[in-house]
file my_file_27.pdb (PDB, C-alpha atoms)
ATOM      1  CA  MET A 469      33.383  35.703 170.137  1.00  0.00           C
ATOM      2  CA  LYS A 470      36.114  36.638 167.684  1.00  0.00           C
ATOM      3  CA  ILE A 471      36.651  37.726 164.081  1.00  0.00           C
ATOM      4  CA  LEU A 472      38.189  34.938 162.016  1.00  0.00           C
ATOM      5  CA  SER A 473      38.595  36.755 158.690  1.00  0.00           C
ATOM      6  CA  LYS A 474      37.652  39.910 156.850  1.00  0.00           C
ATOM      7  CA  ASP A 475      37.365  40.214 153.068  1.00  0.00           C
ATOM      8  CA  THR A 476      36.661  43.297 150.983  1.00  0.00           C
ATOM      9  CA  LEU A 477      33.744  42.624 148.625  1.00  0.00           C
ATOM     10  CA  TRP A 478      33.699  46.045 146.975  1.00  0.00           C
ATOM     11  CA  LYS A 479      35.700  49.233 147.372  1.00  0.00           C
ATOM     12  CA  GLY A 480      34.786  52.716 146.174  1.00  0.00           C
ATOM     13  CA  HIS A 481      36.386  56.125 146.671  1.00  0.00           C
ATOM     14  CA  TYR A 482      34.878  56.657 150.128  1.00  0.00           C
ATOM     15  CA  LEU A 483      33.282  53.372 151.219  1.00  0.00           C
ATOM     16  CA  GLN A 484      33.926  49.671 151.131  1.00  0.00           C
ATOM     17  CA  VAL A 485      31.726  46.640 151.775  1.00  0.00           C
ATOM     18  CA  VAL A 486      33.355  43.870 153.768  1.00  0.00           C
ATOM     19  CA  SER A 487      32.447  40.309 154.661  1.00  0.00           C
ATOM     20  CA  LEU A 488      33.260  39.274 158.213  1.00  0.00           C
ATOM     21  CA  ARG A 489      33.612  35.648 159.250  1.00  0.00           C
ATOM     22  CA  TYR A 490      33.360  35.324 163.008  1.00  0.00           C
ATOM     23  CA  GLU A 491      32.918  32.777 165.761  1.00  0.00           C
ATOM     24  CA  ASP A 492      29.886  33.171 168.036  1.00  0.00           C
ATOM     25  CA  ARG A 493      29.746  32.292 171.752  1.00  0.00           C
ATOM     26  CA  LEU A 494      28.801  28.688 170.938  1.00  0.00           C
ATOM     27  CA  GLY A 495      31.783  28.222 168.632  1.00  0.00           C
ATOM     28  CA  ASN A 496      29.713  28.394 165.434  1.00  0.00           C
ATOM     29  CA  THR A 497      31.195  30.176 162.421  1.00  0.00           C
ATOM     30  CA  ARG A 498      28.956  32.938 161.090  1.00  0.00           C
ATOM     31  CA  MET A 499      29.110  35.591 158.352  1.00  0.00           C
ATOM     32  CA  TRP A 500      28.251  39.300 158.497  1.00  0.00           C
ATOM     33  CA  GLU A 501      28.407  42.032 155.847  1.00  0.00           C
ATOM     34  CA  SER A 502      29.250  45.585 156.837  1.00  0.00           C
ATOM     35  CA  ILE A 503      30.309  48.968 155.490  1.00  0.00           C
ATOM     36  CA  GLU A 504      33.518  50.813 156.329  1.00  0.00           C
ATOM     37  CA  ARG A 505      34.812  54.252 155.459  1.00  0.00           C
ATOM     38  CA  VAL A 506      37.973  54.310 153.363  1.00  0.00           C
ATOM     39  CA  ASN A 507      40.905  56.302 154.792  1.00  0.00           C
ATOM     40  CA  CYS A 508      38.848  57.593 157.694  1.00  0.00           C
ATOM     41  CA  GLY A 509      39.422  57.554 161.446  1.00  0.00           C
ATOM     42  CA  GLY A 510      35.802  58.119 162.484  1.00  0.00           C
ATOM     43  CA  ILE A 511      33.330  60.987 162.636  1.00  0.00           C
ATOM     44  CA  SER A 512      33.319  64.067 164.856  1.00  0.00           C
ATOM     45  CA  ALA A 513      30.122  65.974 165.608  1.00  0.00           C
ATOM     46  CA  ILE A 514      29.927  69.233 167.499  1.00  0.00           C
ATOM     47  CA  ILE A 515      27.060  70.932 169.315  1.00  0.00           C
ATOM     48  CA  PRO A 516      27.654  74.687 168.968  1.00  0.00           C
ATOM     49  CA  LEU A 517      26.256  76.859 171.758  1.00  0.00           C
ATOM     50  CA  THR A 518      26.787  80.555 171.095  1.00  0.00           C
ATOM     51  CA  ILE A 519      27.681  83.272 173.569  1.00  0.00           C
ATOM     52  CA  ASN A 520      24.013  84.342 173.246  1.00  0.00           C
ATOM     53  CA  ASN A 521      22.764  80.916 174.390  1.00  0.00           C
ATOM     54  CA  GLU A 522      21.719  79.736 170.922  1.00  0.00           C
ATOM     55  CA  PHE A 523      22.240  76.376 169.279  1.00  0.00           C
ATOM     56  CA  LEU A 524      23.588  76.272 165.727  1.00  0.00           C
ATOM     57  CA  LEU A 525      22.162  73.573 163.460  1.00  0.00           C
ATOM     58  CA  VAL A 526      22.966  72.842 159.841  1.00  0.00           C
ATOM     59  CA  ARG A 527      20.488  72.003 157.088  1.00  0.00           C
ATOM     60  CA  GLN A 528      21.788  70.242 154.004  1.00  0.00           C
ATOM     61  CA  PHE A 529      20.543  68.034 151.188  1.00  0.00           C
ATOM     62  CA  ARG A 530      21.493  64.393 151.668  1.00  0.00           C
ATOM     63  CA  PRO A 531      21.334  62.470 148.368  1.00  0.00           C
ATOM     64  CA  VAL A 532      21.046  59.075 150.106  1.00  0.00           C
ATOM     65  CA  VAL A 533      17.663  59.957 151.678  1.00  0.00           C
ATOM     66  CA  GLN A 534      16.758  62.437 148.905  1.00  0.00           C
ATOM     67  CA  LYS A 535      15.763  65.125 151.397  1.00  0.00           C
ATOM     68  CA  PHE A 536      17.132  67.982 153.435  1.00  0.00           C
ATOM     69  CA  VAL A 537      18.350  66.856 156.848  1.00  0.00           C
ATOM     70  CA  ILE A 538      18.747  68.943 160.006  1.00  0.00           C
ATOM     71  CA  GLU A 539      21.945  68.013 161.862  1.00  0.00           C
ATOM     72  CA  PHE A 540      24.667  69.345 164.100  1.00  0.00           C
ATOM     73  CA  PRO A 541      27.941  70.133 162.279  1.00  0.00           C
ATOM     74  CA  ALA A 542      30.013  66.996 161.704  1.00  0.00           C
ATOM     75  CA  GLY A 543      32.767  65.630 159.536  1.00  0.00           C
ATOM     76  CA  LEU A 544      35.093  62.758 158.831  1.00  0.00           C
ATOM     77  CA  VAL A 545      38.197  62.401 160.952  1.00  0.00           C
ATOM     78  CA  SER A 546      41.287  62.071 158.777  1.00  0.00           C
ATOM     79  CA  VAL A 547      43.529  59.106 159.560  1.00  0.00           C
ATOM     80  CA  GLY A 548      45.897  60.192 162.340  1.00  0.00           C
ATOM     81  CA  GLU A 549      43.879  63.326 163.170  1.00  0.00           C
ATOM     82  CA  GLU A 550      42.527  63.923 166.663  1.00  0.00           C
ATOM     83  CA  PRO A 551      38.679  63.997 166.688  1.00  0.00           C
ATOM     84  CA  ILE A 552      38.693  67.324 168.571  1.00  0.00           C
ATOM     85  CA  LYS A 553      40.650  68.923 165.721  1.00  0.00           C
ATOM     86  CA  THR A 554      38.062  67.644 163.262  1.00  0.00           C
ATOM     87  CA  ALA A 555      35.272  69.073 165.415  1.00  0.00           C
ATOM     88  CA  TYR A 556      37.014  72.464 165.575  1.00  0.00           C
ATOM     89  CA  ARG A 557      37.515  72.490 161.797  1.00  0.00           C
ATOM     90  CA  GLU A 558      33.940  71.445 160.998  1.00  0.00           C
ATOM     91  CA  LEU A 559      32.514  74.077 163.335  1.00  0.00           C
ATOM     92  CA  ILE A 560      34.327  76.805 161.413  1.00  0.00           C
ATOM     93  CA  GLU A 561      33.750  75.382 157.932  1.00  0.00           C
ATOM     94  CA  GLU A 562      30.058  74.579 158.358  1.00  0.00           C
ATOM     95  CA  THR A 563      28.847  77.437 160.583  1.00  0.00           C
ATOM     96  CA  ARG A 564      31.530  80.161 160.275  1.00  0.00           C
ATOM     97  CA  TYR A 565      31.653  80.194 164.093  1.00  0.00           C
ATOM     98  CA  VAL A 566      34.563  79.341 166.371  1.00  0.00           C
ATOM     99  CA  SER A 567      34.932  78.248 169.976  1.00  0.00           C
ATOM    100  CA  GLU A 568      37.924  78.017 172.264  1.00  0.00           C
ATOM    101  CA  ASP A 569      35.955  75.945 174.788  1.00  0.00           C
ATOM    102  CA  ILE A 570      35.352  72.534 173.202  1.00  0.00           C
ATOM    103  CA  ILE A 571      34.393  69.719 175.556  1.00  0.00           C
ATOM    104  CA  PHE A 572      34.329  65.994 174.855  1.00  0.00           C
ATOM    105  CA  LEU A 573      30.907  64.504 175.669  1.00  0.00           C
ATOM    106  CA  ALA A 574      30.825  60.898 174.408  1.00  0.00           C
ATOM    107  CA  ASP A 575      31.806  58.488 171.657  1.00  0.00           C
ATOM    108  CA  GLY A 576      30.433  55.243 170.286  1.00  0.00           C
ATOM    109  CA  PRO A 577      29.115  53.399 167.230  1.00  0.00           C
ATOM    110  CA  VAL A 578      26.456  55.046 165.082  1.00  0.00           C
ATOM    111  CA  SER A 579      24.947  51.926 163.507  1.00  0.00           C
ATOM    112  CA  SER A 580      26.784  48.892 164.857  1.00  0.00           C
ATOM    113  CA  GLY A 581      24.822  46.382 162.772  1.00  0.00           C
ATOM    114  CA  LEU A 582      25.819  48.084 159.524  1.00  0.00           C
ATOM    115  CA  SER A 583      28.933  50.194 159.889  1.00  0.00           C
ATOM    116  CA  SER A 584      32.204  50.230 161.822  1.00  0.00           C
ATOM    117  CA  GLU A 585      32.280  54.015 162.178  1.00  0.00           C
ATOM    118  CA  ILE A 586      32.620  55.595 165.606  1.00  0.00           C
ATOM    119  CA  LEU A 587      31.086  58.992 166.336  1.00  0.00           C
ATOM    120  CA  THR A 588      32.769  61.352 168.803  1.00  0.00           C
ATOM    121  CA  VAL A 589      30.561  64.159 170.152  1.00  0.00           C
ATOM    122  CA  PHE A 590      31.776  67.509 171.440  1.00  0.00           C
ATOM    123  CA  LEU A 591      30.128  70.597 172.881  1.00  0.00           C
ATOM    124  CA  ALA A 592      31.384  74.012 171.737  1.00  0.00           C
ATOM    125  CA  CYS A 593      30.627  76.580 174.436  1.00  0.00           C
ATOM    126  CA  ASP A 594      30.591  80.349 173.879  1.00  0.00           C
ATOM    127  CA  ALA A 595      30.827  80.013 170.105  1.00  0.00           C
ATOM    128  CA  LYS A 596      31.186  83.308 168.266  1.00  0.00           C
ATOM    129  CA  GLU A 597      31.528  84.409 164.666  1.00  0.00           C
ATOM    130  CA  ALA A 598      34.958  83.569 163.286  1.00  0.00           C
ATOM    131  CA  SER A 599      37.225  86.367 162.102  1.00  0.00           C
ATOM    132  CA  LYS A 600      37.902  86.891 158.399  1.00  0.00           C
ATOM    133  CA  ASP A 601      41.512  85.866 158.963  1.00  0.00           C
ATOM    134  CA  LEU A 602      40.474  82.572 160.523  1.00  0.00           C
ATOM    135  CA  LEU A 603      37.859  81.892 157.826  1.00  0.00           C
ATOM    136  CA  SER A 604      40.513  82.378 155.158  1.00  0.00           C
ATOM    137  CA  SER A 605      42.306  79.297 156.554  1.00  0.00           C
ATOM    138  CA  TYR A 606      39.197  77.083 156.624  1.00  0.00           C
ATOM    139  CA  HIS A 607      37.250  76.462 153.449  1.00  0.00           C
ATOM    140  CA  ALA A 608      33.921  74.664 153.292  1.00  0.00           C
ATOM    141  CA  ASP A 609      33.724  71.487 151.220  1.00  0.00           C
ATOM    142  CA  GLU A 610      32.574  72.503 147.731  1.00  0.00           C
ATOM    143  CA  SER A 611      30.129  69.571 147.634  1.00  0.00           C
ATOM    144  CA  GLU A 612      28.307  70.868 150.722  1.00  0.00           C
ATOM    145  CA  ASP A 613      25.523  73.433 150.383  1.00  0.00           C
ATOM    146  CA  ILE A 614      24.791  74.236 154.016  1.00  0.00           C
ATOM    147  CA  GLU A 615      22.218  76.516 155.603  1.00  0.00           C
ATOM    148  CA  VAL A 616      22.954  77.465 159.225  1.00  0.00           C
ATOM    149  CA  ILE A 617      19.979  77.583 161.601  1.00  0.00           C
ATOM    150  CA  LYS A 618      20.390  79.603 164.780  1.00  0.00           C
ATOM    151  CA  THR A 619      17.850  79.030 167.536  1.00  0.00           C
ATOM    152  CA  PRO A 620      17.581  80.014 171.197  1.00  0.00           C
ATOM    153  CA  VAL A 621      18.160  77.019 173.471  1.00  0.00           C
ATOM    154  CA  GLU A 622      14.581  77.075 174.767  1.00  0.00           C
ATOM    155  CA  ASN A 623      13.137  76.889 171.212  1.00  0.00           C
ATOM    156  CA  ILE A 624      15.211  73.972 169.897  1.00  0.00           C
ATOM    157  CA  TYR A 625      12.481  71.319 169.975  1.00  0.00           C
ATOM    158  CA  LYS A 626       9.896  73.635 168.388  1.00  0.00           C
ATOM    159  CA  VAL A 627      12.335  74.529 165.605  1.00  0.00           C
ATOM    160  CA  LEU A 628      13.041  70.844 164.937  1.00  0.00           C
ATOM    161  CA  ALA A 629       9.306  70.096 164.862  1.00  0.00           C
ATOM    162  CA  ASP A 630       8.689  72.986 162.443  1.00  0.00           C
ATOM    163  CA  TYR A 631      11.354  71.761 160.008  1.00  0.00           C
ATOM    164  CA  SER A 632       9.973  68.237 160.265  1.00  0.00           C
ATOM    165  CA  LYS A 633       6.469  69.496 159.401  1.00  0.00           C
ATOM    166  CA  ARG A 634       7.955  71.229 156.333  1.00  0.00           C
ATOM    167  CA  GLY A 635       9.231  67.851 155.116  1.00  0.00           C
ATOM    168  CA  ASP A 636      12.846  67.932 156.270  1.00  0.00           C
ATOM    169  CA  LEU A 637      14.283  64.955 158.131  1.00  0.00           C
ATOM    170  CA  ILE A 638      15.732  65.394 161.615  1.00  0.00           C
ATOM    171  CA  ASP A 639      18.897  63.447 162.303  1.00  0.00           C
ATOM    172  CA  LEU A 640      17.854  61.307 165.278  1.00  0.00           C
ATOM    173  CA  LYS A 641      21.282  61.718 166.844  1.00  0.00           C
ATOM    174  CA  ILE A 642      20.348  65.330 167.615  1.00  0.00           C
ATOM    175  CA  TYR A 643      18.041  64.294 170.448  1.00  0.00           C
ATOM    176  CA  GLY A 644      20.681  62.208 172.222  1.00  0.00           C
ATOM    177  CA  MET A 645      23.302  64.869 171.643  1.00  0.00           C
ATOM    178  CA  LEU A 646      21.032  67.527 173.155  1.00  0.00           C
ATOM    179  CA  GLU A 647      20.597  65.342 176.239  1.00  0.00           C
ATOM    180  CA  LEU A 648      24.380  64.967 176.559  1.00  0.00           C
ATOM    181  CA  ALA A 649      24.775  68.750 176.283  1.00  0.00           C
ATOM    182  CA  ARG A 650      21.990  69.383 178.799  1.00  0.00           C
ATOM    183  CA  ARG A 651      23.540  67.013 181.355  1.00  0.00           C
ATOM    184  CA  TYR A 652      26.946  68.638 180.998  1.00  0.00           C
ATOM    185  CA  LEU A 653      25.555  72.172 181.280  1.00  0.00           C
ATOM    186  CA  ASP A 654      23.333  71.252 184.267  1.00  0.00           C
ATOM    187  CA  SER A 655      26.331  69.702 186.021  1.00  0.00           C
ATOM    188  CA  LYS A 656      28.455  72.767 185.291  1.00  0.00           C
ATOM    189  CA  ALA A 657      25.715  75.085 186.625  1.00  0.00           C
ATOM    190  CA  ALA A 658      25.309  72.955 189.759  1.00  0.00           C
ATOM    191  CA  ASN A 659      29.059  73.072 190.422  1.00  0.00           C
ATOM    192  CA  LYS A 660      29.096  76.869 190.051  1.00  0.00           C
ATOM    193  CA  SER A 661      26.153  77.160 192.417  1.00  0.00           C
ATOM    194  CA  GLN A 662      27.850  74.905 194.976  1.00  0.00           C
ATOM    195  CA  TYR A 663      31.056  76.917 194.707  1.00  0.00           C
ATOM    196  CA  LYS A 664      29.203  80.183 195.399  1.00  0.00           C
ATOM    197  CA  LYS A 665      27.576  78.714 198.531  1.00  0.00           C
ATOM    198  CA  GLU A 666      30.952  77.709 199.928  1.00  0.00           C
TER     199      GLU A 666
END
call {"tool": "encode", "arguments": {"input": "my_file_27.pdb", "output": "C-alpha cells"}}
result
Amino acid sequence: MKILSKDTLWKGHYLQVVSLRYEDRLGNTRMWESIERVNCGGISAIIPLTINNEFLLVRQFRPVVQKFVIEFPAGLVSVGEEPIKTAYRELIEETRYVSEDIIFLADGPVSSGLSSEILTVFLACDAKEASKDLLSSYHADESEDIEVIKTPVENIYKVLADYSKRGDLIDLKIYGMLELARRYLDSKAANKSQYKKE
C-alpha cells in the first residue's frame, strides 16, 4: 500500500481537491479523490471545563449544513504552530475564557475517506473568564458569530438534546470528546483517592 502520485484538481483560498493514485495490497493501481486544507497544519479542539464544573459549548451558524451547530471550541492550526497553542488561542477567542491547565487527550483523522485533516483534542481544566488585558491580545474571527453555552457537567446531555429538538445540529465529535474527558477526569480522581489512602 503506497501513494504513487498526487495531483491538485482544484485549489481555492482555504481548500483544495486532490487526486491520489495509489497501489493497493494486491499491487493494483487505484484512484481516490480527497480534500485538503490549504496552509493548515490540522485542527485543534478544546473541551473547556470551568472552575465551577461547567462545560462551555459554542453555537454557530455553519453555511455548509445551513444550520446552527453545537460544538466545542476549535480552530485551524497554522503551519508550524503547536496544536496546544491553537487550542489556547481558540479557547480565549471563542469563549472569552482562559485555562492554564490544558491537557492533551487524543488526535486522529476526522473523516479519513474524505479529508486529510487531523484533529487534536485537549481538555482545559479550571477555565475562568479571561482578563480584559488578555482579551485585548486575542480577537475573535470577524466571520464567526458565536454564542457560548455554559452548562453544568451533569446536564450536558440534556442540553444537547434540547438544542437538537430546537433544530440545531450537534457535532457528533462532542460525544467522543466527552468520553475522553470523562476517562481522564475519572482517572485523575482515582489517583487522588489512591494517594489519600496511602
call {"tool": "residues_around", "arguments": {"input": "my_file_27.pdb", "residues": "Val506 (chain A)", "least_positions_apart": "2", "cutoff": "6 Å", "atoms": "only C-alpha atoms", "output": "JSON, numbers by chain"}}
result
{"A": [482, 483, 508]}
call {"tool": "write_last_selection", "arguments": {"input": "my_file_27.pdb", "atoms": "C-alpha atoms", "output": "short mmCIF file (atom, residue, chain, number, x, y, z; two decimals), keeping the file's coordinate frame"}}
result
data_model
loop_
_atom_site.label_atom_id
_atom_site.label_comp_id
_atom_site.auth_asym_id
_atom_site.auth_seq_id
_atom_site.Cartn_x
_atom_site.Cartn_y
_atom_site.Cartn_z
CA TYR A 482 34.88 56.66 150.13
CA LEU A 483 33.28 53.37 151.22
CA CYS A 508 38.85 57.59 157.69
#
call {"tool": "resolve_selection", "arguments": {"input": "my_file_27.pdb", "expression": "the PyMOL selection byres ((chain A and resi 555) around 12)", "output": "MDAnalysis selection string"}}
result
chainID A and resid 510:516 540:546 549:554 556:563 565:572 587:592
call {"tool": "atom_distance", "arguments": {"input": "my_file_27.pdb", "atom1": "CA of Met645 (chain A)", "atom2": "CA of Leu603 (chain A)"}}
result
26.3 Å
call {"tool": "resolve_selection", "arguments": {"input": "my_file_27.pdb", "expression": "the PyMOL selection byres ((chain A and resi 478) around 12)", "output": "PDB file with C-alpha atoms, in the coordinates of the input"}}
result
ATOM      1  CA  ASP A 475      37.365  40.214 153.068  1.00  0.00           C
ATOM      2  CA  THR A 476      36.661  43.297 150.983  1.00  0.00           C
ATOM      3  CA  LEU A 477      33.744  42.624 148.625  1.00  0.00           C
ATOM      4  CA  LYS A 479      35.700  49.233 147.372  1.00  0.00           C
ATOM      5  CA  GLY A 480      34.786  52.716 146.174  1.00  0.00           C
ATOM      6  CA  HIS A 481      36.386  56.125 146.671  1.00  0.00           C
ATOM      7  CA  TYR A 482      34.878  56.657 150.128  1.00  0.00           C
ATOM      8  CA  LEU A 483      33.282  53.372 151.219  1.00  0.00           C
ATOM      9  CA  GLN A 484      33.926  49.671 151.131  1.00  0.00           C
ATOM     10  CA  VAL A 485      31.726  46.640 151.775  1.00  0.00           C
ATOM     11  CA  VAL A 486      33.355  43.870 153.768  1.00  0.00           C
ATOM     12  CA  SER A 487      32.447  40.309 154.661  1.00  0.00           C
ATOM     13  CA  GLU A 501      28.407  42.032 155.847  1.00  0.00           C
ATOM     14  CA  SER A 502      29.250  45.585 156.837  1.00  0.00           C
ATOM     15  CA  ILE A 503      30.309  48.968 155.490  1.00  0.00           C
ATOM     16  CA  GLU A 504      33.518  50.813 156.329  1.00  0.00           C
ATOM     17  CA  ARG A 505      34.812  54.252 155.459  1.00  0.00           C
ATOM     18  CA  VAL A 506      37.973  54.310 153.363  1.00  0.00           C
TER      19      VAL A 506
END
call {"tool": "atom_distance", "arguments": {"input": "my_file_27.pdb", "atom1": "CA of Tyr625 (chain A)", "atom2": "CA of Ala657 (chain A)"}}
result
21.6 Å
call {"tool": "closest_residue", "arguments": {"input": "my_file_27.pdb", "among": "A:Gly509, A:Pro620, A:Gly548, A:Lys470", "to": "Gly495 (chain A)", "atoms": "all atoms listed in the file"}}
result
A:Lys470
call {"tool": "residues_near_point", "arguments": {"input": "my_file_27.pdb", "point": "(31.4, 37.3, 158.3)", "cutoff": "6 Å", "atoms": "all atoms listed in the file", "output": "list in words"}}
result
Ser487, Leu488, Arg489, Tyr490, Arg498, Met499 and Trp500 of chain A
call {"tool": "atom_distance", "arguments": {"input": "my_file_27.pdb", "atom1": "CA of Leu646 (chain A)", "atom2": "CA of Val621 (chain A)"}}
result
9.9 Å
call {"tool": "residues_near_point", "arguments": {"input": "my_file_27.pdb", "point": "(21.7, 68.8, 157.9)", "cutoff": "10 Å", "atoms": "all atoms listed in the file", "output": "JSON list (two decimals) with C-alpha atoms, in the coordinates of the input"}}
result
[["chain", "number", "residue", "atom", "x", "y", "z"],
["A", 525, "LEU", "CA", 22.16, 73.57, 163.46],
["A", 526, "VAL", "CA", 22.97, 72.84, 159.84],
["A", 527, "ARG", "CA", 20.49, 72.00, 157.09],
["A", 528, "GLN", "CA", 21.79, 70.24, 154.00],
["A", 529, "PHE", "CA", 20.54, 68.03, 151.19],
["A", 530, "ARG", "CA", 21.49, 64.39, 151.67],
["A", 535, "LYS", "CA", 15.76, 65.12, 151.40],
["A", 536, "PHE", "CA", 17.13, 67.98, 153.44],
["A", 537, "VAL", "CA", 18.35, 66.86, 156.85],
["A", 538, "ILE", "CA", 18.75, 68.94, 160.01],
["A", 539, "GLU", "CA", 21.94, 68.01, 161.86],
["A", 540, "PHE", "CA", 24.67, 69.34, 164.10],
["A", 541, "PRO", "CA", 27.94, 70.13, 162.28],
["A", 542, "ALA", "CA", 30.01, 67.00, 161.70],
["A", 612, "GLU", "CA", 28.31, 70.87, 150.72],
["A", 613, "ASP", "CA", 25.52, 73.43, 150.38],
["A", 614, "ILE", "CA", 24.79, 74.24, 154.02],
["A", 615, "GLU", "CA", 22.22, 76.52, 155.60],
["A", 616, "VAL", "CA", 22.95, 77.46, 159.22],
["A", 617, "ILE", "CA", 19.98, 77.58, 161.60],
["A", 636, "ASP", "CA", 12.85, 67.93, 156.27],
["A", 637, "LEU", "CA", 14.28, 64.96, 158.13],
["A", 638, "ILE", "CA", 15.73, 65.39, 161.62],
["A", 639, "ASP", "CA", 18.90, 63.45, 162.30]]
call {"tool": "residues_around", "arguments": {"input": "my_file_27.pdb", "residues": "Ile624 (chain A)", "least_positions_apart": "6", "cutoff": "10 Å", "atoms": "all atoms listed in the file", "output": "JSON, numbers by chain"}}
result
{"A": [522, 523, 524, 525, 618, 630, 646]}
call {"tool": "write_last_selection", "arguments": {"input": "my_file_27.pdb", "atoms": "C-alpha atoms", "output": "PDB file, keeping the file's coordinate frame"}}
result
ATOM      1  CA  GLU A 522      21.719  79.736 170.922  1.00  0.00           C
ATOM      2  CA  PHE A 523      22.240  76.376 169.279  1.00  0.00           C
ATOM      3  CA  LEU A 524      23.588  76.272 165.727  1.00  0.00           C
ATOM      4  CA  LEU A 525      22.162  73.573 163.460  1.00  0.00           C
ATOM      5  CA  LYS A 618      20.390  79.603 164.780  1.00  0.00           C
ATOM      6  CA  ASP A 630       8.689  72.986 162.443  1.00  0.00           C
ATOM      7  CA  LEU A 646      21.032  67.527 173.155  1.00  0.00           C
TER       8      LEU A 646
END
call {"tool": "closest_residue", "arguments": {"input": "my_file_27.pdb", "among": "A:Arg564, A:Arg634, A:Lys474, A:Leu573", "to": "Leu602 (chain A)", "atoms": "only C-alpha atoms"}}
result
A:Arg564
call {"tool": "resolve_selection", "arguments": {"input": "my_file_27.pdb", "expression": "the PyMOL selection byres ((chain A and resi 576) around 6)", "output": "ChimeraX atom specification"}}
result
/A:575,577,586-587
call {"tool": "closest_residue", "arguments": {"input": "my_file_27.pdb", "among": "A:Val533, A:Asp601, A:Asn496, A:Asn659", "to": "Ile471 (chain A)", "atoms": "all atoms listed in the file"}}
result
A:Asn496
call {"tool": "closest_residue", "arguments": {"input": "my_file_27.pdb", "among": "A:Asn521, A:Gly644, A:Gly581, A:Asn507", "to": "Asn623 (chain A)", "atoms": "all atoms listed in the file"}}
result
A:Asn521
call {"tool": "axis_aligned_box", "arguments": {"input": "my_file_27.pdb", "around": "region 551-560 of chain A", "padding_each_side": "8 Å", "output": "lines of an AutoDock Vina configuration file"}}
result
center_x = 36.6
center_y = 70.4
center_z = 164.8
size_x = 24.1
size_y = 28.8
size_z = 23.6
call {"tool": "decode", "arguments": {"input": "my_file_27.pdb", "residues": "region 593-609 of chain A", "atoms": "N, CA and C atoms", "output": "compact mmCIF listing (two decimals), in the first residue's frame"}}
result
# COMPACT_ATOMS: atom_id res chain seq x y z
N CYS A 593 -8.86 22.45 31.94
CA CYS A 593 -9.39 22.36 33.30
C CYS A 593 -9.35 23.73 33.98
N ASP A 594 -10.29 23.92 34.90
CA ASP A 594 -10.34 25.14 35.72
C ASP A 594 -10.35 26.42 34.88
N ALA A 595 -11.09 26.38 33.78
CA ALA A 595 -11.20 27.57 32.93
C ALA A 595 -11.92 28.69 33.68
N LYS A 596 -11.45 29.90 33.48
CA LYS A 596 -12.07 31.06 34.12
C LYS A 596 -12.12 32.21 33.12
N GLU A 597 -12.93 33.20 33.41
CA GLU A 597 -13.06 34.33 32.50
C GLU A 597 -11.71 35.02 32.32
N ALA A 598 -11.40 35.31 31.07
CA ALA A 598 -10.12 35.96 30.75
C ALA A 598 -10.16 37.42 31.15
N SER A 599 -9.01 37.95 31.52
CA SER A 599 -8.92 39.37 31.89
C SER A 599 -9.06 40.25 30.65
N LYS A 600 -9.40 41.51 30.87
CA LYS A 600 -9.52 42.45 29.76
C LYS A 600 -8.19 42.60 29.02
N ASP A 601 -7.10 42.59 29.78
CA ASP A 601 -5.78 42.70 29.16
C ASP A 601 -5.51 41.54 28.21
N LEU A 602 -5.84 40.34 28.67
CA LEU A 602 -5.62 39.16 27.83
C LEU A 602 -6.53 39.20 26.60
N LEU A 603 -7.79 39.56 26.80
CA LEU A 603 -8.74 39.62 25.68
C LEU A 603 -8.30 40.63 24.62
N SER A 604 -7.61 41.67 25.06
CA SER A 604 -7.17 42.69 24.09
C SER A 604 -6.12 42.13 23.12
N SER A 605 -5.48 41.02 23.50
CA SER A 605 -4.46 40.40 22.64
C SER A 605 -5.03 39.31 21.74
N TYR A 606 -6.27 38.90 22.00
CA TYR A 606 -6.90 37.82 21.23
C TYR A 606 -8.24 38.32 20.69
N HIS A 607 -8.34 38.36 19.38
CA HIS A 607 -9.55 38.88 18.76
C HIS A 607 -10.26 37.77 17.99
N ALA A 608 -11.56 37.66 18.21
CA ALA A 608 -12.35 36.64 17.53
C ALA A 608 -12.34 36.90 16.02
N ASP A 609 -12.44 35.84 15.25
CA ASP A 609 -12.53 35.93 13.80
C ASP A 609 -13.80 36.68 13.43
